[in-house]
$ cat my_file_22.pdb   # PDB, C-alpha atoms
ATOM      1  CA  MET A  25       0.913  17.496  19.928
ATOM      2  CA  ASN A  26       2.032  15.361  16.988
ATOM      3  CA  ALA A  27       0.270  12.139  15.989
ATOM      4  CA  LEU A  28       1.214   9.688  13.246
ATOM      5  CA  ILE A  29      -1.481   7.258  12.131
ATOM      6  CA  LEU A  30      -0.045   4.138  10.539
ATOM      7  CA  ALA A  31      -2.559   3.273   7.842
ATOM      8  CA  ALA A  32      -0.322   1.930   5.079
ATOM      9  CA  GLY A  33      -0.771  -1.786   5.681
ATOM     10  CA  LEU A  34      -2.308  -3.939   2.979
ATOM     11  CA  GLY A  35      -5.195  -5.069   5.187
ATOM     12  CA  THR A  36      -5.074  -8.626   3.863
ATOM     13  CA  ARG A  37      -6.366 -10.073   7.153
ATOM     14  CA  LEU A  38      -9.699  -8.326   6.542
ATOM     15  CA  GLY A  39     -10.293 -10.333   3.367
ATOM     16  CA  ASP A  40     -13.108  -9.094   1.123
ATOM     17  CA  LEU A  41     -13.571  -5.968   3.248
ATOM     18  CA  THR A  42     -10.380  -4.557   1.729
ATOM     19  CA  SER A  43     -10.884  -5.778  -1.829
ATOM     20  CA  ASP A  44     -11.898  -2.285  -2.955
ATOM     21  CA  ARG A  45     -10.600  -0.012  -0.186
ATOM     22  CA  PRO A  46      -7.720   0.327   2.269
ATOM     23  CA  LYS A  47      -8.046  -0.929   5.824
ATOM     24  CA  ALA A  48      -8.260   2.674   7.053
ATOM     25  CA  LEU A  49     -11.560   3.130   5.190
ATOM     26  CA  VAL A  50     -13.261   0.004   6.512
ATOM     27  CA  GLU A  51     -16.310   1.120   8.499
ATOM     28  CA  VAL A  52     -17.095   0.307  12.127
ATOM     29  CA  CYS A  53     -20.165   1.808  13.803
ATOM     30  CA  GLY A  54     -21.001   3.772  10.662
ATOM     31  CA  HIS A  55     -17.651   5.522  10.277
ATOM     32  CA  THR A  56     -14.268   4.563   8.890
ATOM     33  CA  MET A  57     -11.457   3.451  11.181
ATOM     34  CA  LEU A  58      -9.490   6.494  10.052
ATOM     35  CA  GLU A  59     -12.262   8.922  11.005
ATOM     36  CA  HIS A  60     -12.625   7.301  14.426
ATOM     37  CA  GLN A  61      -8.890   7.670  15.065
ATOM     38  CA  LEU A  62      -8.728  11.279  13.878
ATOM     39  CA  ARG A  63     -11.658  12.362  16.025
ATOM     40  CA  HIS A  64     -10.419  10.414  19.051
ATOM     41  CA  LEU A  65      -6.869  11.763  18.811
ATOM     42  CA  SER A  66      -8.095  15.296  18.201
ATOM     43  CA  ALA A  67     -10.300  15.112  21.299
ATOM     44  CA  ALA A  68      -7.226  14.002  23.272
ATOM     45  CA  GLY A  69      -5.400  17.186  22.255
ATOM     46  CA  PHE A  70      -3.400  16.118  19.218
ATOM     47  CA  ASP A  71      -3.429  18.866  16.616
ATOM     48  CA  ARG A  72      -0.928  17.910  13.917
ATOM     49  CA  PHE A  73      -1.265  14.659  11.973
ATOM     50  CA  VAL A  74       0.659  12.652   9.432
ATOM     51  CA  ILE A  75      -1.008   9.594   7.902
ATOM     52  CA  ASN A  76       1.066   7.120   5.954
ATOM     53  CA  ILE A  77      -0.724   5.657   2.943
ATOM     54  CA  HIS A  78      -0.052   2.930   0.375
ATOM     55  CA  HIS A  79      -2.881   0.505  -0.444
ATOM     56  CA  PHE A  80      -5.608   2.405  -2.392
ATOM     57  CA  ALA A  81      -3.798   5.641  -1.525
ATOM     58  CA  PRO A  82      -5.933   7.804  -3.873
ATOM     59  CA  LYS A  83      -9.069   6.704  -1.994
ATOM     60  CA  VAL A  84      -7.619   7.951   1.290
ATOM     61  CA  ARG A  85      -6.736  11.263  -0.364
ATOM     62  CA  HIS A  86     -10.246  11.597  -1.765
ATOM     63  CA  PHE A  87     -11.848  10.676   1.562
ATOM     64  CA  LEU A  88      -9.883  13.365   3.404
ATOM     65  CA  GLU A  89     -10.521  15.969   0.705
ATOM     66  CA  GLU A  90     -14.224  15.144   0.732
ATOM     67  CA  HIS A  91     -14.311  15.757   4.490
ATOM     68  CA  LYS A  92     -11.985  18.794   4.299
ATOM     69  CA  ASN A  93      -9.493  16.980   6.551
ATOM     70  CA  PHE A  94     -12.124  17.117   9.318
ATOM     71  CA  GLY A  95     -10.819  20.625   9.992
ATOM     72  CA  LEU A  96      -7.448  19.235  11.087
ATOM     73  CA  ASP A  97      -3.811  19.815  10.108
ATOM     74  CA  ILE A  98      -3.166  16.612   8.134
ATOM     75  CA  ARG A  99      -0.250  15.670   5.911
ATOM     76  CA  LEU A 100       0.140  12.442   3.941
ATOM     77  CA  SER A 101       3.259  10.324   3.786
ATOM     78  CA  ASP A 102       2.763   8.425   0.533
ATOM     79  CA  GLU A 103       4.399   4.995   0.273
ATOM     80  CA  SER A 104       2.731   4.024  -3.004
ATOM     81  CA  ASP A 105       6.093   3.436  -4.672
ATOM     82  CA  LEU A 106       7.426   1.272  -1.843
ATOM     83  CA  LEU A 107       5.776   0.070   1.366
ATOM     84  CA  LEU A 108       8.377   0.981   3.989
ATOM     85  CA  ASP A 109       7.304  -1.281   6.879
ATOM     86  CA  THR A 110       6.859   0.246  10.325
ATOM     87  CA  GLY A 111      10.397   1.544  10.799
ATOM     88  CA  GLY A 112      10.866   3.062   7.374
ATOM     89  CA  GLY A 113       7.366   4.511   7.449
ATOM     90  CA  ILE A 114       7.873   6.137  10.841
ATOM     91  CA  ARG A 115      11.259   7.554   9.834
ATOM     92  CA  LYS A 116       9.828   9.164   6.709
ATOM     93  CA  ALA A 117       6.729  10.519   8.436
ATOM     94  CA  MET A 118       8.484  11.957  11.507
ATOM     95  CA  LYS A 119      10.358  14.401   9.282
ATOM     96  CA  MET A 120       7.070  15.850   8.020
ATOM     97  CA  PHE A 121       5.960  17.387  11.321
ATOM     98  CA  GLY A 122       8.379  20.286  11.126
ATOM     99  CA  ASN A 123       8.938  20.602  14.875
ATOM    100  CA  ASP A 124      10.942  18.993  17.683
ATOM    101  CA  LEU A 125       7.999  17.530  19.582
ATOM    102  CA  PRO A 126       7.666  13.780  20.193
ATOM    103  CA  VAL A 127       5.306  11.847  17.941
ATOM    104  CA  LEU A 128       2.526   9.552  19.100
ATOM    105  CA  VAL A 129       2.393   6.604  16.676
ATOM    106  CA  HIS A 130      -0.960   4.816  16.518
ATOM    107  CA  ASN A 131      -1.965   1.904  14.272
ATOM    108  CA  VAL A 132      -5.204   2.742  12.463
ATOM    109  CA  ASP A 133      -6.806  -0.592  13.429
ATOM    110  CA  ILE A 134      -6.055  -0.431  17.168
ATOM    111  CA  PHE A 135      -8.920   0.599  19.446
ATOM    112  CA  SER A 136      -8.507   0.916  23.200
ATOM    113  CA  SER A 137      -9.425   2.747  26.383
ATOM    114  CA  THR A 138      -5.906   4.195  26.657
ATOM    115  CA  ASP A 139      -5.610   7.791  27.855
ATOM    116  CA  LEU A 140      -3.453   8.985  24.960
ATOM    117  CA  ARG A 141      -2.820  12.458  26.344
ATOM    118  CA  SER A 142      -1.554  10.939  29.599
ATOM    119  CA  LEU A 143       0.677   8.528  27.682
ATOM    120  CA  TYR A 144       2.172  11.399  25.674
ATOM    121  CA  GLU A 145       2.673  13.681  28.668
ATOM    122  CA  GLY A 146       4.197  10.828  30.669
ATOM    123  CA  HIS A 147       6.680  10.310  27.878
ATOM    124  CA  LEU A 148       7.645  13.984  27.959
ATOM    125  CA  LYS A 149       8.294  13.840  31.711
ATOM    126  CA  SER A 150      10.257  10.583  31.501
ATOM    127  CA  GLY A 151      13.004  11.816  29.203
ATOM    128  CA  ALA A 152      12.780   8.506  27.321
ATOM    129  CA  ASP A 153      13.674   8.084  23.680
ATOM    130  CA  SER A 154      10.530   6.019  23.212
ATOM    131  CA  THR A 155       7.571   4.913  25.335
ATOM    132  CA  LEU A 156       5.821   1.719  24.302
ATOM    133  CA  LEU A 157       2.311   0.802  25.394
ATOM    134  CA  VAL A 158       2.363  -2.889  26.350
ATOM    135  CA  ALA A 159       0.129  -5.412  28.085
ATOM    136  CA  ASP A 160       0.333  -8.660  29.964
ATOM    137  CA  ARG A 161      -1.406 -10.832  27.379
ATOM    138  CA  TYR A 162      -0.568 -13.785  25.156
ATOM    139  CA  THR A 163       1.303 -13.114  21.926
ATOM    140  CA  SER A 164       3.657 -15.094  19.733
ATOM    141  CA  ARG A 165       6.275 -12.340  19.958
ATOM    142  CA  TYR A 166       7.209 -10.854  23.309
ATOM    143  CA  LEU A 167       9.198  -7.823  24.355
ATOM    144  CA  TYR A 168      11.104  -8.194  27.643
ATOM    145  CA  PHE A 169      11.478  -5.408  30.205
ATOM    146  CA  ASP A 170      13.536  -5.088  33.374
ATOM    147  CA  SER A 171      12.342  -3.940  36.814
ATOM    148  CA  ASP A 172      12.701  -0.300  35.661
ATOM    149  CA  SER A 173      10.391  -1.000  32.682
ATOM    150  CA  MET A 174      13.280  -0.689  30.199
ATOM    151  CA  LEU A 175      13.452  -2.843  27.071
ATOM    152  CA  ARG A 176      16.040  -5.613  27.195
ATOM    153  CA  GLY A 177      15.093  -8.195  24.553
ATOM    154  CA  TRP A 178      12.599  -9.963  22.299
ATOM    155  CA  SER A 179      11.463 -13.492  21.502
ATOM    156  CA  ASN A 180       9.399 -15.341  18.922
ATOM    157  CA  GLU A 181       7.588 -18.120  20.765
ATOM    158  CA  LYS A 182       6.750 -19.987  17.559
ATOM    159  CA  THR A 183      10.319 -20.245  16.282
ATOM    160  CA  GLY A 184      12.187 -20.087  19.577
ATOM    161  CA  GLN A 185      14.264 -17.142  18.368
ATOM    162  CA  VAL A 186      15.553 -14.785  21.061
ATOM    163  CA  ARG A 187      17.229 -11.433  20.404
ATOM    164  CA  SER A 188      18.934  -8.902  22.654
ATOM    165  CA  PRO A 189      21.925  -6.551  22.461
ATOM    166  CA  TYR A 190      22.943  -7.806  25.924
ATOM    167  CA  THR A 191      25.401 -10.707  26.095
ATOM    168  CA  GLY A 192      24.015 -13.686  27.991
ATOM    169  CA  PHE A 193      20.452 -12.374  27.886
ATOM    170  CA  ASP A 194      18.113 -14.748  29.740
ATOM    171  CA  LYS A 195      14.491 -13.987  28.963
ATOM    172  CA  THR A 196      13.275 -15.800  32.099
ATOM    173  CA  GLN A 197      14.785 -12.999  34.199
ATOM    174  CA  PHE A 198      12.611 -10.296  32.611
ATOM    175  CA  LYS A 199       8.928  -9.448  32.265
ATOM    176  CA  PRO A 200       7.386 -10.543  28.943
ATOM    177  CA  CYS A 201       4.882  -8.104  27.449
ATOM    178  CA  ALA A 202       2.870  -7.771  24.262
ATOM    179  CA  PHE A 203       3.182  -4.572  22.245
ATOM    180  CA  GLN A 204      -0.171  -2.762  21.899
ATOM    181  CA  GLY A 205       0.433  -0.906  18.616
ATOM    182  CA  ILE A 206       0.773   2.529  20.266
ATOM    183  CA  HIS A 207       4.051   4.267  21.150
ATOM    184  CA  VAL A 208       5.599   7.715  21.535
ATOM    185  CA  LEU A 209       8.913   8.528  19.858
ATOM    186  CA  SER A 210      11.178  11.479  20.577
ATOM    187  CA  GLN A 211      12.924  13.261  17.729
ATOM    188  CA  SER A 212      16.194  12.131  19.356
ATOM    189  CA  LEU A 213      15.707   8.820  17.551
ATOM    190  CA  LEU A 214      15.974  10.290  14.067
ATOM    191  CA  PRO A 215      19.801  10.344  13.816
ATOM    192  CA  LEU A 216      19.934   6.639  14.644
ATOM    193  CA  LEU A 217      17.046   5.849  12.321
ATOM    194  CA  ASP A 218      18.870   7.701   9.547
ATOM    195  CA  GLU A 219      21.896   5.439   9.989
ATOM    196  CA  ILE A 220      19.876   2.471   8.718
ATOM    197  CA  GLN A 221      20.713   1.919   5.055
ATOM    198  CA  GLU A 222      17.585  -0.022   4.140
ATOM    199  CA  GLN A 223      14.497   1.946   3.152
ATOM    200  CA  ARG A 224      12.230  -0.745   4.525
ATOM    201  CA  PHE A 225      12.702  -2.019   8.104
ATOM    202  CA  SER A 226      10.817  -2.899  11.277
ATOM    203  CA  ILE A 227      10.601  -0.451  14.178
ATOM    204  CA  THR A 228      10.553  -3.402  16.596
ATOM    205  CA  ASP A 229      13.862  -4.658  15.186
ATOM    206  CA  PHE A 230      15.249  -1.142  15.578
ATOM    207  CA  TYR A 231      14.133  -0.976  19.199
ATOM    208  CA  VAL A 232      15.609  -4.351  20.090
ATOM    209  CA  ASP A 233      18.905  -3.708  18.301
ATOM    210  CA  ASN A 234      19.331  -0.380  20.126
ATOM    211  CA  ALA A 235      17.944  -1.267  23.549
ATOM    212  CA  ALA A 236      21.385  -0.988  25.165
ATOM    213  CA  CYS A 237      22.035   2.562  23.982
ATOM    214  CA  LEU A 238      18.545   4.090  24.163
ATOM    215  CA  LYS A 239      16.018   4.668  26.904
ATOM    216  CA  LEU A 240      13.084   2.574  25.707
ATOM    217  CA  ARG A 241      10.466   2.437  28.435
ATOM    218  CA  SER A 242       7.184   0.601  28.707
ATOM    219  CA  VAL A 243       3.811   1.611  30.099
ATOM    220  CA  LEU A 244       1.668  -1.334  31.109
ATOM    221  CA  SER A 245      -1.975  -1.200  30.028
ATOM    222  CA  ASP A 246      -5.050  -3.308  30.667
ATOM    223  CA  PRO A 247      -5.620  -5.593  27.642
ATOM    224  CA  LYS A 248      -9.316  -5.965  28.484
ATOM    225  CA  ASP A 249     -10.424  -2.835  26.610
ATOM    226  CA  TRP A 250      -8.087  -3.178  23.631
ATOM    227  CA  VAL A 251      -8.487  -4.795  20.225
ATOM    228  CA  ASP A 252      -6.564  -5.192  16.999
ATOM    229  CA  ALA A 253      -9.392  -4.721  14.490
ATOM    230  CA  GLY A 254      -7.349  -5.975  11.575
ATOM    231  CA  LYS A 255      -9.394  -9.180  11.420
ATOM    232  CA  PRO A 256     -13.133  -9.523  10.600
ATOM    233  CA  GLU A 257     -13.858 -11.402  13.819
ATOM    234  CA  ALA A 258     -12.462  -8.472  15.853
ATOM    235  CA  LEU A 259     -14.759  -5.810  14.385
ATOM    236  CA  GLU A 260     -17.583  -6.476  16.845
ATOM    237  CA  ARG A 261     -15.229  -5.951  19.789
ATOM    238  CA  ALA A 262     -13.907  -2.795  18.105
ATOM    239  CA  ALA A 263     -17.477  -1.497  17.884
ATOM    240  CA  GLN A 264     -17.975  -2.085  21.615
ATOM    241  CA  ILE A 265     -14.821  -0.162  22.496
ATOM    242  CA  ILE A 266     -15.714   2.677  20.115
ATOM    243  CA  LYS A 267     -19.162   3.045  21.712
ATOM    244  CA  ALA A 268     -17.654   3.021  25.204
ATOM    245  CA  TYR A 269     -14.615   5.281  24.705
ATOM    246  CA  TYR A 270     -14.740   7.054  21.326
ATOM    247  CA  GLU A 271     -18.214   8.540  21.122
TER     248      GLU A 271
END
$ encode --input "my_file_22.pdb" --output "C-alpha cells"
Amino acid sequence: MNALILAAGLGTRLGDLTSDRPKALVEVCGHTMLEHQLRHLSAAGFDRFVINIHHFAPKVRHFLEEHKNFGLDIRLSDESDLLLDTGGGIRKAMKMFGNDLPVLVHNVDIFSSTDLRSLYEGHLKSGADSTLLVADRYTSRYLYFDSDSMLRGWSNEKTGQVRSPYTGFDKTQFKPCAFQGIHVLSQSLLPLLDEIQEQRFSITDFYVDNAACLKLRSVLSDPKDWVDAGKPEALERAAQIIKAYYE
C-alpha cells in the first residue's frame, strides 16, 4: 500500500522547536514525528512511502540515511526550490509511486487512533476518487457533506466565505465537518490535477471546485483521540496518543 507523508510545511507554529530543524524532526516521546509516522504506517501494512520535504530538507535526508530508511521503501519529493502547498505537493509525489494503487496522505504532525488500514481498504471498496477522514468538531473552516457522505461545499466561519460548485448551495442543509489531515486519493485524480496550471495550490480548493464531478466521500472519526501536533501546547496530547496507539 502507498503512503505519502506530508512533511514539507515550515513548522512556524512550533516556534523555537523548528529554529534548527524541520517539523518532521521534532521529537515526541523520544523519537521524531517522522519516525513515529513511518513505524505506525508500516505496522498498518503500508510498504511504499514518499515524503515531501522543503524546510531543512538536507536534515531529513541525513536522518533517513542515518537510519537506513528504517528498512523501508522511501522516496523523497523535494520542494526546496518551491513549496508547492498541499495540492501541488500531492500531485508531484503521487507520480513517484510507480503504480496504480491509491495513496494514503498523512500529515506528519497528525496523531490519532484511526485504523489506517481499514480507512484505505474502505476506500478501495467504495470506488471513490478520494476518501477524507473528518470529525464533528469545531474548526474555522468546514467541509459540508450530504446524507450519502459526499462533499458538497466549504465555508470559512471567520470571513463568512462559502464555496460550492452547486448553484444555490445552502450550507445549513448539509453536515459540517472538520478535516482531520488524513485522506486517501485514487490515481484517477491525476488527470484533473494535471489540468491545474499553477504549480502551487491547495488540495482542499481542488476538492471543493471538483465536488460536482468527482466522488469525494467522508469517513467520520472520533475527534477525542486525535491531535494536530503542529503547536507546542499540543505536544503533550500527542505524547498521550503515541503511548496509547503507536507503541
$ closest_residue --input "my_file_22.pdb" --among "A:Leu148, A:Leu217, A:Leu62, A:Leu106" --to "Phe230 of chain A" --atoms "only C-alpha atoms"
A:Leu217
$ residues_around --input "my_file_22.pdb" --residues "segment 32-41 of chain A" --least-positions-apart "2" --cutoff "7 Å" --atoms "all atoms listed in the file" --output "MDAnalysis selection string"
chainID A and resid 30 43 46:47 50 76:79 254:256
$ residues_around --input "my_file_22.pdb" --residues "segment 261-266 of chain A" --least-positions-apart "6" --cutoff "12 Å" --atoms "only C-alpha atoms" --output "list in words"
Val50, Glu51, Val52, Cys53, Gly54, His55, Thr56, Met57, Glu59, His60, Gln61, Arg63, His64, Val132, Asp133, Ile134, Phe135, Ser136, Ser137, Thr138, Pro247, Lys248, Asp249, Trp250, Val251, Asp252, Ala253, Gly254 and Lys255 of chain A
$ write_last_selection --input "my_file_22.pdb" --atoms "C-alpha atoms" --output "PDB file, keeping the file's coordinate frame"
ATOM      1  CA  VAL A  50     -13.261   0.004   6.512  1.00  0.00           C
ATOM      2  CA  GLU A  51     -16.310   1.120   8.499  1.00  0.00           C
ATOM      3  CA  VAL A  52     -17.095   0.307  12.127  1.00  0.00           C
ATOM      4  CA  CYS A  53     -20.165   1.808  13.803  1.00  0.00           C
ATOM      5  CA  GLY A  54     -21.001   3.772  10.662  1.00  0.00           C
ATOM      6  CA  HIS A  55     -17.651   5.522  10.277  1.00  0.00           C
ATOM      7  CA  THR A  56     -14.268   4.563   8.890  1.00  0.00           C
ATOM      8  CA  MET A  57     -11.457   3.451  11.181  1.00  0.00           C
ATOM      9  CA  GLU A  59     -12.262   8.922  11.005  1.00  0.00           C
ATOM     10  CA  HIS A  60     -12.625   7.301  14.426  1.00  0.00           C
ATOM     11  CA  GLN A  61      -8.890   7.670  15.065  1.00  0.00           C
ATOM     12  CA  ARG A  63     -11.658  12.362  16.025  1.00  0.00           C
ATOM     13  CA  HIS A  64     -10.419  10.414  19.051  1.00  0.00           C
ATOM     14  CA  VAL A 132      -5.204   2.742  12.463  1.00  0.00           C
ATOM     15  CA  ASP A 133      -6.806  -0.592  13.429  1.00  0.00           C
ATOM     16  CA  ILE A 134      -6.055  -0.431  17.168  1.00  0.00           C
ATOM     17  CA  PHE A 135      -8.920   0.599  19.446  1.00  0.00           C
ATOM     18  CA  SER A 136      -8.507   0.916  23.200  1.00  0.00           C
ATOM     19  CA  SER A 137      -9.425   2.747  26.383  1.00  0.00           C
ATOM     20  CA  THR A 138      -5.906   4.195  26.657  1.00  0.00           C
ATOM     21  CA  PRO A 247      -5.620  -5.593  27.642  1.00  0.00           C
ATOM     22  CA  LYS A 248      -9.316  -5.965  28.484  1.00  0.00           C
ATOM     23  CA  ASP A 249     -10.424  -2.835  26.610  1.00  0.00           C
ATOM     24  CA  TRP A 250      -8.087  -3.178  23.631  1.00  0.00           C
ATOM     25  CA  VAL A 251      -8.487  -4.795  20.225  1.00  0.00           C
ATOM     26  CA  ASP A 252      -6.564  -5.192  16.999  1.00  0.00           C
ATOM     27  CA  ALA A 253      -9.392  -4.721  14.490  1.00  0.00           C
ATOM     28  CA  GLY A 254      -7.349  -5.975  11.575  1.00  0.00           C
ATOM     29  CA  LYS A 255      -9.394  -9.180  11.420  1.00  0.00           C
TER      30      LYS A 255
END
$ resolve_selection --input "my_file_22.pdb" --expression "the PyMOL selection byres ((chain A and resi 190) around 8)" --output "ChimeraX atom specification"
/A:176-177,188-189,191-193,236
$ write_last_selection --input "my_file_22.pdb" --atoms "C-alpha atoms" --output "compact mmCIF listing (two decimals), in the coordinates of the input"
# COMPACT_ATOMS: atom_id res chain seq x y z
CA ARG A 176 16.04 -5.61 27.20
CA GLY A 177 15.09 -8.20 24.55
CA SER A 188 18.93 -8.90 22.65
CA PRO A 189 21.92 -6.55 22.46
CA THR A 191 25.40 -10.71 26.10
CA GLY A 192 24.02 -13.69 27.99
CA PHE A 193 20.45 -12.37 27.89
CA ALA A 236 21.38 -0.99 25.16
$ resolve_selection --input "my_file_22.pdb" --expression "the PyMOL selection byres ((chain A and resi 71) around 12)" --output "ChimeraX atom specification"
/A:25-28,62-70,72-74,93-99,121,125,127-128,141
$ closest_residue --input "my_file_22.pdb" --among "A:Glu260, A:Asp246, A:Asp102, A:Glu271" --to "Cys201 of chain A" --atoms "all atoms listed in the file"
A:Asp246
$ resolve_selection --input "my_file_22.pdb" --expression "the PyMOL selection byres ((chain A and resi 153) around 7)" --output "short mmCIF file (atom, residue, chain, number, x, y, z; two decimals) with C-alpha atoms, in the frame of the given file"
data_model
loop_
_atom_site.label_atom_id
_atom_site.label_comp_id
_atom_site.auth_asym_id
_atom_site.auth_seq_id
_atom_site.Cartn_x
_atom_site.Cartn_y
_atom_site.Cartn_z
CA GLY A 151 13.00 11.82 29.20
CA ALA A 152 12.78 8.51 27.32
CA SER A 154 10.53 6.02 23.21
CA LEU A 209 8.91 8.53 19.86
CA SER A 210 11.18 11.48 20.58
CA SER A 212 16.19 12.13 19.36
CA LEU A 213 15.71 8.82 17.55
CA LEU A 238 18.55 4.09 24.16
CA LYS A 239 16.02 4.67 26.90
CA LEU A 240 13.08 2.57 25.71
#
$ atom_distance --input "my_file_22.pdb" --atom1 "atom CA of Leu167 of chain A" --atom2 "atom CA of Thr228 of chain A"
9.0 Å
$ closest_residue --input "my_file_22.pdb" --among "A:Glu219, A:Glu89, A:Asp160, A:Asp124" --to "Gly112 of chain A" --atoms "only C-alpha atoms"
A:Glu219
$ closest_residue --input "my_file_22.pdb" --among "A:Leu107, A:Val84, A:Ala235, A:Leu143" --to "Leu49 of chain A" --atoms "only C-alpha atoms"
A:Val84
$ atom_distance --input "my_file_22.pdb" --atom1 "atom CA of Pro200 of chain A" --atom2 "atom CA of Ser164 of chain A"
10.9 Å
$ closest_residue --input "my_file_22.pdb" --among "A:Met118, A:Met174, A:Leu108, A:Ala81" --to "Tyr231 of chain A" --atoms "only C-alpha atoms"
A:Met174
$ atom_distance --input "my_file_22.pdb" --atom1 "atom CA of Val243 of chain A" --atom2 "atom CA of Ser173 of chain A"
7.5 Å
$ closest_residue --input "my_file_22.pdb" --among "A:Lys116, A:Lys195, A:His130, A:Lys83" --to "Leu157 of chain A" --atoms "only C-alpha atoms"
A:His130
$ residues_around --input "my_file_22.pdb" --residues "segment 196-199 of chain A" --least-positions-apart "4" --cutoff "7 Å" --atoms "all atoms listed in the file" --output "number ranges by chain"
A: 168-170
$ residues_around --input "my_file_22.pdb" --residues "Ala202 of chain A" --least-positions-apart "6" --cutoff "8 Å" --atoms "all atoms listed in the file" --output "list in words"
Val158, Ala159, Asp160, Arg161, Tyr162, Thr163, Arg165, Tyr166 and Leu167 of chain A
$ residues_around --input "my_file_22.pdb" --residues "Thr110 of chain A" --least-positions-apart "4" --cutoff "8 Å" --atoms "all atoms listed in the file" --output "short mmCIF file (atom, residue, chain, number, x, y, z; two decimals) with C-alpha atoms, keeping the file's coordinate frame"
data_model
loop_
_atom_site.label_atom_id
_atom_site.label_comp_id
_atom_site.auth_asym_id
_atom_site.auth_seq_id
_atom_site.Cartn_x
_atom_site.Cartn_y
_atom_site.Cartn_z
CA LEU A 30 -0.04 4.14 10.54
CA ILE A 114 7.87 6.14 10.84
CA ARG A 224 12.23 -0.74 4.53
CA PHE A 225 12.70 -2.02 8.10
CA SER A 226 10.82 -2.90 11.28
CA ILE A 227 10.60 -0.45 14.18
#
$ decode --input "my_file_22.pdb" --residues "segment 53-93 of chain A" --atoms "C-alpha atoms" --output "PDB file, in the first residue's frame"
ATOM      1  CA  CYS A  53       8.312  10.596  23.379  1.00  0.00           C
ATOM      2  CA  GLY A  54      11.986  10.312  22.460  1.00  0.00           C
ATOM      3  CA  HIS A  55      11.520   9.918  18.710  1.00  0.00           C
ATOM      4  CA  THR A  56      10.883  12.277  15.825  1.00  0.00           C
ATOM      5  CA  MET A  57       7.386  12.786  14.449  1.00  0.00           C
ATOM      6  CA  LEU A  58       8.595  11.334  11.158  1.00  0.00           C
ATOM      7  CA  GLU A  59       9.867   8.132  12.777  1.00  0.00           C
ATOM      8  CA  HIS A  60       6.594   7.683  14.663  1.00  0.00           C
ATOM      9  CA  GLN A  61       4.614   8.025  11.429  1.00  0.00           C
ATOM     10  CA  LEU A  62       6.843   5.666   9.449  1.00  0.00           C
ATOM     11  CA  ARG A  63       6.702   2.945  12.084  1.00  0.00           C
ATOM     12  CA  HIS A  64       2.958   3.377  12.617  1.00  0.00           C
ATOM     13  CA  LEU A  65       2.142   3.295   8.902  1.00  0.00           C
ATOM     14  CA  SER A  66       4.456   0.354   8.307  1.00  0.00           C
ATOM     15  CA  ALA A  67       2.757  -1.602  11.097  1.00  0.00           C
ATOM     16  CA  ALA A  68      -0.589  -0.868   9.410  1.00  0.00           C
ATOM     17  CA  GLY A  69       0.639  -2.529   6.210  1.00  0.00           C
ATOM     18  CA  PHE A  70       1.918   0.380   4.145  1.00  0.00           C
ATOM     19  CA  ASP A  71       5.088  -0.612   2.332  1.00  0.00           C
ATOM     20  CA  ARG A  72       5.915   2.167  -0.127  1.00  0.00           C
ATOM     21  CA  PHE A  73       6.485   5.739   1.045  1.00  0.00           C
ATOM     22  CA  VAL A  74       7.043   9.161  -0.425  1.00  0.00           C
ATOM     23  CA  ILE A  75       7.905  12.024   1.926  1.00  0.00           C
ATOM     24  CA  ASN A  76       7.738  15.577   0.676  1.00  0.00           C
ATOM     25  CA  ILE A  77      10.460  17.822   2.075  1.00  0.00           C
ATOM     26  CA  HIS A  78      11.310  21.531   1.989  1.00  0.00           C
ATOM     27  CA  HIS A  79      12.306  23.216   5.264  1.00  0.00           C
ATOM     28  CA  PHE A  80      15.772  21.905   6.320  1.00  0.00           C
ATOM     29  CA  ALA A  81      15.463  19.260   3.597  1.00  0.00           C
ATOM     30  CA  PRO A  82      19.104  18.082   3.926  1.00  0.00           C
ATOM     31  CA  LYS A  83      18.477  17.250   7.598  1.00  0.00           C
ATOM     32  CA  VAL A  84      15.594  14.960   6.657  1.00  0.00           C
ATOM     33  CA  ARG A  85      17.796  13.265   4.057  1.00  0.00           C
ATOM     34  CA  HIS A  86      20.570  12.778   6.600  1.00  0.00           C
ATOM     35  CA  PHE A  87      18.157  11.474   9.239  1.00  0.00           C
ATOM     36  CA  LEU A  88      16.776   8.840   6.865  1.00  0.00           C
ATOM     37  CA  GLU A  89      20.232   7.857   5.616  1.00  0.00           C
ATOM     38  CA  GLU A  90      21.482   7.571   9.187  1.00  0.00           C
ATOM     39  CA  HIS A  91      18.626   5.174   9.970  1.00  0.00           C
ATOM     40  CA  LYS A  92      18.904   3.353   6.612  1.00  0.00           C
ATOM     41  CA  ASN A  93      15.318   4.382   5.802  1.00  0.00           C
TER      42      ASN A  93
END
